[in-house]
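A.B. asks: Handing over run.txt, compact mmCIF, C-alpha atoms (C1' of nucleotides).
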```
# COMPACT_ATOMS: atom_id res chain seq x y z
CA MET A 1 54.96 79.66 81.84
CA LEU A 2 54.53 82.66 79.60
CA SER A 3 51.49 82.57 77.35
CA LYS A 4 52.21 82.30 73.64
CA LYS A 5 50.79 85.77 73.27
CA THR A 6 53.41 87.25 75.56
CA LYS A 7 56.20 85.24 74.00
CA TYR A 8 55.17 86.25 70.49
CA ALA A 9 54.92 89.87 71.59
CA ILE A 10 58.46 89.84 72.94
CA VAL A 11 59.83 88.05 69.89
CA ALA A 12 58.06 90.50 67.59
CA LEU A 13 59.35 93.56 69.45
CA VAL A 14 62.91 92.26 69.42
CA HIS A 15 62.54 91.55 65.71
CA ILE A 16 61.33 95.09 65.03
CA ALA A 17 64.07 96.65 67.12
CA LYS A 18 66.81 94.60 65.49
CA ARG A 19 66.44 96.15 62.03
CA ASN A 20 68.42 99.30 61.48
CA THR A 21 65.88 101.21 59.46
CA LYS A 22 63.11 103.64 60.26
CA ASP A 23 60.76 102.17 57.68
CA PRO A 24 57.71 100.42 59.05
CA ILE A 25 57.60 96.64 59.00
CA ILE A 26 54.47 94.71 58.05
CA ALA A 27 52.90 92.03 60.20
CA ARG A 28 53.28 89.45 57.44
CA ASP A 29 57.08 89.79 57.43
CA ILE A 30 57.34 89.38 61.20
CA ALA A 31 55.00 86.39 61.10
CA ASP A 32 57.02 84.69 58.39
CA ALA A 33 60.42 85.41 59.89
CA GLU A 34 59.48 84.38 63.43
CA LYS A 35 56.99 81.63 62.55
CA ILE A 36 54.09 83.29 64.33
CA PRO A 37 50.53 82.63 63.05
CA TYR A 38 49.71 85.74 61.04
CA LYS A 39 46.23 86.52 62.29
CA PHE A 40 47.24 85.85 65.86
CA LEU A 41 50.17 88.20 65.51
CA GLU A 42 47.91 90.87 64.08
CA SER A 43 45.85 90.98 67.25
CA ILE A 44 48.98 91.09 69.37
CA LEU A 45 50.39 94.02 67.45
CA LEU A 46 47.06 95.78 67.87
CA ASP A 47 47.30 95.35 71.63
CA LEU A 48 50.88 96.64 71.61
CA LYS A 49 49.66 99.65 69.70
CA LYS A 50 46.86 100.34 72.18
CA ALA A 51 49.50 100.20 74.91
CA ALA A 52 51.53 102.86 73.08
CA ILE A 53 54.45 100.49 72.64
CA LEU A 54 54.05 100.36 68.87
CA THR A 55 52.74 102.85 66.39
CA SER A 56 51.38 102.04 62.96
CA ARG A 57 50.70 103.38 59.51
CA LYS A 58 47.74 102.07 57.57
CA GLY A 59 47.51 101.42 53.87
CA LYS A 60 50.14 100.79 51.26
CA GLY A 61 53.67 101.28 52.50
CA GLY A 62 52.36 101.11 56.04
CA GLY A 63 53.24 98.77 58.86
CA TYR A 64 54.47 98.94 62.43
CA LEU A 65 57.14 100.95 64.21
CA LEU A 66 58.35 101.21 67.79
CA HIS A 67 56.64 104.10 69.45
CA ARG A 68 59.38 104.49 72.07
CA PRO A 69 63.11 103.87 72.22
CA PRO A 70 63.96 100.20 72.97
CA GLN A 71 65.42 101.11 76.37
CA ASP A 72 61.97 102.32 77.45
CA ILE A 73 60.14 99.08 76.70
CA SER A 74 60.57 96.43 79.41
CA LEU A 75 59.52 92.80 79.71
CA ALA A 76 57.77 93.76 82.92
CA GLU A 77 55.41 95.98 80.95
CA ILE A 78 54.83 93.47 78.15
CA MET A 79 54.19 90.57 80.52
CA ARG A 80 51.78 92.58 82.63
CA LEU A 81 49.93 93.67 79.50
CA PHE A 82 49.22 90.13 78.33
CA ASP A 83 49.56 87.85 81.36
CA GLY A 84 48.60 90.17 84.19
CA PRO A 85 50.53 90.64 87.44
CA LEU A 86 54.09 89.37 87.80
CA ALA A 87 53.52 88.29 91.39
CA LEU A 88 52.42 84.75 92.15
CA LEU A 89 49.98 85.69 94.91
CA PRO A 90 47.35 88.43 94.77
CA CYS A 91 48.39 89.63 98.23
CA VAL A 92 51.87 90.67 97.06
CA THR A 93 50.97 92.69 93.97
CA HIS A 94 50.77 96.44 94.07
CA THR A 95 48.31 97.22 91.30
CA TYR A 96 46.14 94.11 91.49
CA TYR A 97 46.22 93.66 95.26
CA GLU A 98 43.65 91.37 96.79
CA ARG A 99 43.52 89.93 100.28
CA CYS A 100 43.64 86.14 100.72
CA GLU A 101 40.34 85.05 102.24
CA GLU A 102 41.82 82.43 104.48
CA CYS A 103 44.68 84.59 105.75
CA LYS A 104 44.54 85.42 109.44
CA ASP A 105 47.29 88.04 109.47
CA GLU A 106 48.99 89.20 106.33
CA GLN A 107 51.82 90.91 108.21
CA THR A 108 53.00 87.65 109.75
CA CYS A 109 52.17 85.23 106.93
CA GLY A 110 55.25 83.15 106.12
CA ILE A 111 53.91 82.09 102.74
CA ARG A 112 53.36 85.69 101.72
CA SER A 113 56.85 86.58 102.89
CA VAL A 114 58.38 84.10 100.42
CA PHE A 115 56.35 85.31 97.48
CA LEU A 116 56.93 88.96 98.33
CA GLU A 117 60.67 88.34 98.17
CA LEU A 118 60.30 86.55 94.85
CA ARG A 119 58.09 89.26 93.43
CA ASN A 120 60.50 92.04 94.37
CA TYR A 121 63.39 90.34 92.64
CA THR A 122 61.29 89.48 89.60
CA VAL A 123 60.00 93.02 89.14
CA GLU A 124 63.49 94.44 89.46
CA LEU A 125 64.95 92.02 86.92
CA LEU A 126 62.14 92.39 84.41
CA LYS A 127 62.06 96.17 84.62
CA GLY A 128 65.74 96.12 83.70
CA ALA A 129 65.11 93.66 80.90
CA THR A 130 64.26 96.18 78.22
CA ILE A 131 64.31 95.48 74.50
CA ALA A 132 67.60 97.37 74.37
CA ASN A 133 68.95 95.23 77.21
CA ILE A 134 67.97 92.07 75.36
CA LEU A 135 69.85 93.22 72.26
CA ASN A 136 72.89 93.94 74.44
CA ARG A 137 72.67 90.48 75.93
CA GLU A 138 72.67 88.97 72.45
CA PHE A 139 75.71 91.01 71.53
CA SER A 140 77.56 89.83 74.63
CA LEU A 141 76.59 86.20 74.10
CA LEU A 142 77.67 86.42 70.49
CA SER A 143 81.19 87.52 71.34
CA VAL A 144 81.52 84.92 74.07
CA ASN A 145 80.43 82.16 71.70
CA SER A 146 82.73 83.25 68.90
CA ASP A 147 85.77 82.62 71.10
CA ASP A 148 86.20 79.08 69.86
CA MET B 1 49.79 83.42 89.55
CA LEU B 2 49.72 80.23 91.58
CA SER B 3 46.75 77.97 90.92
CA LYS B 4 44.35 77.55 93.82
CA LYS B 5 45.44 73.95 94.00
CA THR B 6 49.04 74.91 94.71
CA LYS B 7 48.04 77.61 97.15
CA TYR B 8 45.72 75.25 99.03
CA ALA B 9 48.43 72.59 99.09
CA ILE B 10 50.91 74.99 100.67
CA VAL B 11 48.37 76.28 103.17
CA ALA B 12 47.39 72.74 104.11
CA LEU B 13 50.98 71.61 104.60
CA VAL B 14 51.80 74.61 106.77
CA HIS B 15 48.65 73.91 108.75
CA ILE B 16 49.66 70.29 109.31
CA ALA B 17 53.21 71.20 110.29
CA LYS B 18 52.10 73.87 112.74
CA ARG B 19 50.41 71.47 115.13
CA ASN B 20 52.64 70.00 117.79
CA THR B 21 51.23 66.51 117.84
CA LYS B 22 51.97 63.29 116.03
CA ASP B 23 48.32 62.37 115.66
CA PRO B 24 46.94 62.41 112.14
CA ILE B 25 44.71 65.29 111.10
CA ILE B 26 41.60 64.73 109.00
CA ALA B 27 40.87 66.55 105.76
CA ARG B 28 37.66 68.00 107.16
CA ASP B 29 39.49 69.86 109.93
CA ILE B 30 41.99 71.39 107.52
CA ALA B 31 39.20 72.37 105.12
CA ASP B 32 37.22 74.06 107.89
CA ALA B 33 40.16 75.83 109.48
CA GLU B 34 41.62 77.10 106.21
CA LYS B 35 38.36 77.61 104.31
CA ILE B 36 39.27 75.20 101.54
CA PRO B 37 36.44 73.34 99.71
CA TYR B 38 36.45 69.90 101.27
CA LYS B 39 36.25 67.68 98.19
CA PHE B 40 38.80 69.79 96.38
CA LEU B 41 41.18 69.51 99.32
CA GLU B 42 40.71 65.75 99.37
CA SER B 43 42.07 65.43 95.85
CA ILE B 44 44.98 67.71 96.71
CA LEU B 45 45.93 65.66 99.76
CA LEU B 46 45.76 62.54 97.63
CA ASP B 47 48.23 64.06 95.18
CA LEU B 48 50.52 65.06 98.03
CA LYS B 49 50.37 61.50 99.24
CA LYS B 50 51.25 60.08 95.84
CA ALA B 51 54.23 62.44 95.84
CA ALA B 52 55.37 61.01 99.17
CA ILE B 53 54.99 64.37 100.89
CA LEU B 54 52.13 63.18 103.06
CA THR B 55 51.28 59.81 104.45
CA SER B 56 47.85 58.71 105.58
CA ARG B 57 45.93 56.31 107.74
CA LYS B 58 42.57 55.07 106.57
CA GLY B 59 39.50 54.34 108.63
CA LYS B 60 38.38 55.62 111.99
CA GLY B 61 41.04 57.61 113.82
CA GLY B 62 42.89 58.02 110.56
CA GLY B 63 43.93 61.13 108.70
CA TYR B 64 47.04 62.69 107.24
CA LEU B 65 50.60 63.14 108.47
CA LEU B 66 53.76 64.62 107.03
CA HIS B 67 55.81 61.87 105.50
CA ARG B 68 59.05 63.86 105.80
CA PRO B 69 60.43 66.48 108.16
CA PRO B 70 59.22 70.01 107.26
CA GLN B 71 62.74 71.08 106.29
CA ASP B 72 62.66 68.50 103.48
CA ILE B 73 59.50 69.80 101.81
CA SER B 74 60.05 72.84 99.62
CA LEU B 75 57.75 75.16 97.73
CA ALA B 76 59.75 74.31 94.62
CA GLU B 77 58.59 70.72 94.88
CA ILE B 78 54.97 71.56 95.65
CA MET B 79 54.69 74.12 92.86
CA ARG B 80 56.22 71.78 90.31
CA LEU B 81 53.85 69.04 91.39
CA PHE B 82 50.70 71.05 90.72
CA ASP B 83 51.67 73.86 88.35
CA GLY B 84 54.52 72.31 86.41
CA PRO B 85 57.90 73.90 85.75
CA LEU B 86 59.02 76.99 87.65
CA ALA B 87 60.65 78.50 84.58
CA LEU B 88 58.69 80.84 82.34
CA LEU B 89 60.07 79.45 79.08
CA PRO B 90 60.34 75.78 78.10
CA CYS B 91 63.90 76.38 76.85
CA VAL B 92 65.21 77.22 80.34
CA THR B 93 63.79 74.32 82.31
CA HIS B 94 65.87 71.29 83.13
CA THR B 95 63.28 68.56 83.48
CA TYR B 96 60.68 69.83 81.02
CA TYR B 97 63.10 71.21 78.44
CA GLU B 98 61.73 71.96 75.00
CA ARG B 99 63.32 73.93 72.25
CA CYS B 100 61.56 77.07 70.98
CA GLU B 101 60.54 76.45 67.37
CA GLU B 102 61.28 79.93 66.19
CA CYS B 103 64.64 80.19 67.92
CA LYS B 104 67.64 80.45 65.61
CA ASP B 105 70.34 79.98 68.22
CA GLU B 106 69.57 79.19 71.80
CA GLN B 107 73.08 79.97 72.99
CA THR B 108 72.85 83.59 71.91
CA CYS B 109 69.15 84.25 72.51
CA GLY B 110 68.78 87.41 74.60
CA ILE B 111 65.24 86.57 75.63
CA ARG B 112 66.32 83.18 76.91
CA SER B 113 69.17 84.78 78.81
CA VAL B 114 66.74 86.92 80.83
CA PHE B 115 64.46 84.03 81.69
CA LEU B 116 67.35 81.77 82.55
CA GLU B 117 68.56 84.31 85.08
CA LEU B 118 65.07 84.61 86.52
CA ARG B 119 64.65 80.86 86.69
CA ASN B 120 67.92 80.32 88.47
CA TYR B 121 67.05 82.80 91.18
CA THR B 122 63.51 81.46 91.50
CA VAL B 123 64.63 77.84 91.88
CA GLU B 124 67.21 78.79 94.48
CA LEU B 125 64.72 80.81 96.51
CA LEU B 126 61.93 78.24 96.32
CA LYS B 127 64.17 75.32 97.16
CA GLY B 128 65.15 77.19 100.31
CA ALA B 129 61.52 77.96 101.07
CA THR B 130 60.72 74.76 102.93
CA ILE B 131 57.76 74.31 105.23
CA ALA B 132 60.18 74.66 108.13
CA ASN B 133 61.55 77.86 106.62
CA ILE B 134 58.03 79.27 106.32
CA LEU B 135 57.36 78.57 109.98
CA ASN B 136 60.63 80.30 110.86
CA ARG B 137 59.61 83.29 108.79
CA GLU B 138 56.33 83.49 110.69
CA PHE B 139 58.19 83.36 113.97
CA SER B 140 60.49 86.18 112.90
CA LEU B 141 57.65 88.32 111.59
CA LEU B 142 55.74 87.75 114.79
CA SER B 143 58.50 89.09 117.00
CA VAL B 144 59.07 92.07 114.71
CA ASN B 145 55.39 92.94 114.77
CA SER B 146 55.06 92.61 118.53
CA ASP B 147 57.58 95.40 119.07
CA ASP B 148 54.94 98.09 119.23
C1' DT C 1 28.23 45.91 112.84
C1' DT C 2 28.58 50.63 112.86
C1' DT C 3 31.08 54.62 112.17
C1' DA C 4 34.58 57.35 110.32
C1' DA C 5 37.99 58.08 107.53
C1' DT C 6 40.71 57.81 103.04
C1' DC C 7 40.61 56.53 98.22
C1' DC C 8 38.91 56.34 93.46
C1' DT C 9 36.38 57.56 89.24
C1' DA C 10 33.78 60.44 86.76
C1' DT C 11 32.09 64.60 85.33
C1' DA C 12 30.29 69.42 84.88
C1' DG C 13 30.66 74.29 84.16
C1' DG C 14 33.32 78.03 83.32
C1' DA C 15 37.31 80.52 82.04
C1' DT C 16 41.17 81.08 79.30
C1' DT C 17 44.11 80.28 75.41
C1' DA C 18 45.31 79.99 70.73
C1' DA C 19 43.88 80.60 66.56
C1' DT C 20 40.99 81.64 62.30
C1' DA C 21 37.71 84.08 59.15
C1' DG C 22 35.98 87.80 56.89
C1' DA C 23 34.91 92.28 56.15
C1' DA C 24 35.72 97.40 56.93
C1' DT C 25 38.83 101.11 56.70
C1' DT C 26 42.72 103.73 55.33
C1' DT C 27 46.49 105.19 52.37
C1' DA C 28 50.02 105.37 48.63
C1' DT C 29 50.66 105.38 44.00
C1' DA C 30 50.10 104.27 39.15
C1' DT D 1 40.27 107.70 40.34
C1' DA D 2 41.04 102.89 40.60
C1' DT D 3 43.78 99.51 42.61
C1' DA D 4 46.62 97.28 45.70
C1' DA D 5 48.32 96.93 50.17
C1' DA D 6 48.15 97.51 54.62
C1' DT D 7 45.89 98.02 59.34
C1' DT D 8 41.65 97.60 62.07
C1' DC D 9 37.47 95.55 63.76
C1' DT D 10 34.09 91.92 64.95
C1' DA D 11 32.99 87.41 65.59
C1' DT D 12 33.61 82.76 66.27
C1' DT D 13 35.69 78.31 67.26
C1' DA D 14 38.17 74.41 69.22
C1' DA D 15 40.84 72.85 72.70
C1' DT D 16 42.60 72.88 77.11
C1' DC D 17 42.82 73.86 81.89
C1' DC D 18 40.87 75.18 86.34
C1' DT D 19 37.88 74.67 90.07
C1' DA D 20 34.83 72.13 92.16
C1' DT D 21 31.37 68.46 93.17
C1' DA D 22 29.13 63.76 93.50
C1' DG D 23 28.91 59.18 94.74
C1' DG D 24 30.55 55.18 95.91
C1' DA D 25 34.49 51.80 97.16
C1' DT D 26 37.66 50.62 100.52
C1' DT D 27 39.76 50.33 104.95
C1' DA D 28 40.10 50.21 109.87
C1' DA D 29 38.83 51.16 114.74
C1' DA D 30 35.66 50.55 118.40
```
Written as structure tokens, that's how I'd like the structure from this file.

C.D. replies:
Amino acid sequence: MLSKKTKYAIVALVHIAKRNTKDPIIARDIADAEKIPYKFLESILLDLKKAAILTSRKGKGGGYLLHRPPQDISLAEIMRLFDGPLALLPCVTHTYYERCEECKDEQTCGIRSVFLELRNYTVELLKGATIANILNREFSLLSVNSDD
Amino acid sequence: MLSKKTKYAIVALVHIAKRNTKDPIIARDIADAEKIPYKFLESILLDLKKAAILTSRKGKGGGYLLHRPPQDISLAEIMRLFDGPLALLPCVTHTYYERCEECKDEQTCGIRSVFLELRNYTVELLKGATIANILNREFSLLSVNSDD
DNA sequence: TTTAATCCTATAGGATTAATAGAATTTATA
DNA sequence: TATAAATTCTATTAATCCTATAGGATTAAA
């Protein structure tokens, strides 16, 4: 399961991207609208800023803004930022690679082979799942559901 | 990431299935061969027994045996047993379904749509990844790697 | 009766998660 | 220049989960 932190981060980013204004939005408004604990959200937004996904303006009239276009922010990046590697085994990650102690031969390990396959698909899907892509999905789902 | 418990469970089951004998194997031997802490492994094997994946014989000459053919034991089942649902959001699981508090409309939620897609693929892959399938994968990888 | 195995209960330490509190800093604007 | 409004920083807490261990009860074969 995703951690709440990751889930809140995604929800917050989608919320920010959905507005059609270039004015900054304050943490309080996101927290209220999406029912995210305010102080918890604050720390999440800070992390997103450190990762150069958001930018911010301090003081009165300040708030948060996307630092990049929505099509350049993917769930893969957000999930890695808060929950670490997408892979389910350390021996199939690229950036966090670690050998399994008990493993006799990684090249012929059947368990690894399964989780490598799963990882490759997952990374591909989640790299494509950008904030822009999520908004597109909502648009598509909306028109499908309004058919009745 | 998989918990150690799940990883050890998979490793242990593959170990048991690999032997070509119908004699039971004792926890100690699995622990030694696969470098799994003995007492920890014991509790894992117990859980696998409760789930009717293993069967056991007590007393001298006892030990553990597969309770079903290896093609009827999937990673999906093992992972669910120890780590819970395969899905990354509670709103896309079948058996553990829970609505997201903040969600306005599940049917048109773009975030959910991504994780539903991911879940469906994951479940399909992991249901196919039986212990028998893992052994087949090892056999295939072995012959590929012996080419040189 | 001894030995060897599973089975059961309890618990400890550590890490992680989710959240809260409070103060410092920055900035717009009245 | 004072004030209000916002981010930023530091610290702490409570709860839960993860990993592992200990010790004894039970069962069964030899």

A.B. asks: Could you work out which residues of chain A fall inside 9 Å of chain B? Count all atoms listed in the file, and format the result as a PyMOL selection string.

C.D. replies: chain A and resi 1-3+7+10-11+14+33-36+84-90+101-103+107-111+113-114+117-118+121-122+125-126+129+133-142+145

A.B. asks: Up to 12 Å from chain B, what residues of chain D turn up? Count all atoms listed in the file and give them as number ranges by chain.

C.D. replies: D: 17-23, 26-30

A.B. asks: Please indicate the distance in Å from atom CA of A:Tyr64 to atom CA of A:Pro24, rounded to one decimal place.

C.D. replies: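 For atom CA of A:Tyr64 relative to atom CA of A:Pro24, the distance reads 4.9 Å.
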
A.B. asks: List the neighbours of stretch 22-24 of chain C out to 9 Å using only C-alpha atoms (C1' of nucleotides); skip same-chain residues closer than 5 positions along the sequence, and give me the result as a list in words.

C.D. replies: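 Close residues of stretch 22-24 of chain C: DT8, DC9 and DT10 of chain D.
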
A.B. asks: I need the residues from that last selection saved to file as a PDB file, keeping the file's coordinate frame (with C-alpha atoms (C1' of nucleotides)), if you can.

C.D. replies:
```
ATOM      1  C1'  DT D   8      41.650  97.600  62.070  1.00  0.00           C
ATOM      2  C1'  DC D   9      37.470  95.550  63.760  1.00  0.00           C
ATOM      3  C1'  DT D  10      34.090  91.920  64.950  1.00  0.00           C
TER       4       DT D  10
END
```

A.B. asks: Counting all atoms listed in the file, write as a list in words all protein and nucleic acid residues lying at most 8 Å from (52.5, 94.5, 76.1) in the file's frame.

C.D. replies: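 Residues with an atom at most 8 Å from (52.5, 94.5, 76.1): Thr6, Ala9, Asp47, Leu48, Ala51, Ile53, Glu77, Ile78, Met79, Arg80, Leu81 and Phe82 of chain A.
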
A.B. asks: Choose the residue, out of C:DT6, C:DA21, C:DA30, C:DG13, that has the smallest atom-to-atom separation from chain A; count all atoms listed in the file.

C.D. replies: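 Once distances to chain A are computed over all atoms listed in the file, the minimum belongs to C:DA21.
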
A.B. asks: As an exercise, work out the distance from atom CA of A:Ala52 to atom CA of A:Thr93 in Å and give it to one decimal place.

C.D. replies: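 Computing it gives 23.2 Å between the two atoms.
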
A.B. asks: Could you build a table of the residues in chain C lying no more than 10 Å from chain A, giving for each the nearest pair of atoms and their separation in Å rounded to one decimal place, using only C-alpha atoms (C1' of nucleotides), ordered by chain and ascending residue number, as a tab-separated table?

C.D. replies:
```
residue	atom	partner	partner_atom	distance
C:DT17	C1'	A:Ser3	CA	8.0
C:DA18	C1'	A:Lys4	CA	7.8
C:DA19	C1'	A:Phe40	CA	6.3
C:DT20	C1'	A:Lys39	CA	7.2
C:DA21	C1'	A:Lys39	CA	9.4
C:DT25	C1'	A:Lys58	CA	9.0
C:DT26	C1'	A:Gly59	CA	5.5
C:DT27	C1'	A:Gly59	CA	4.2
C:DA28	C1'	A:Lys60	CA	5.3
C:DT29	C1'	A:Lys60	CA	8.6
```

A.B. asks: With distances taken over all atoms listed in the file, which residue among D:DT16, D:DT3, D:DG24, D:DA11 lies nearest C:DA15?

C.D. replies: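 Ranked by minimum distance to C:DA15, first place goes to D:DT16.
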
A.B. asks: Quote the spacing between atom CA of A:Arg68 and atom CA of B:Glu106 in Å to one decimal place.

C.D. replies: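 Atom-to-atom, atom CA of A:Arg68 to atom CA of B:Glu106, that is 27.3 Å.
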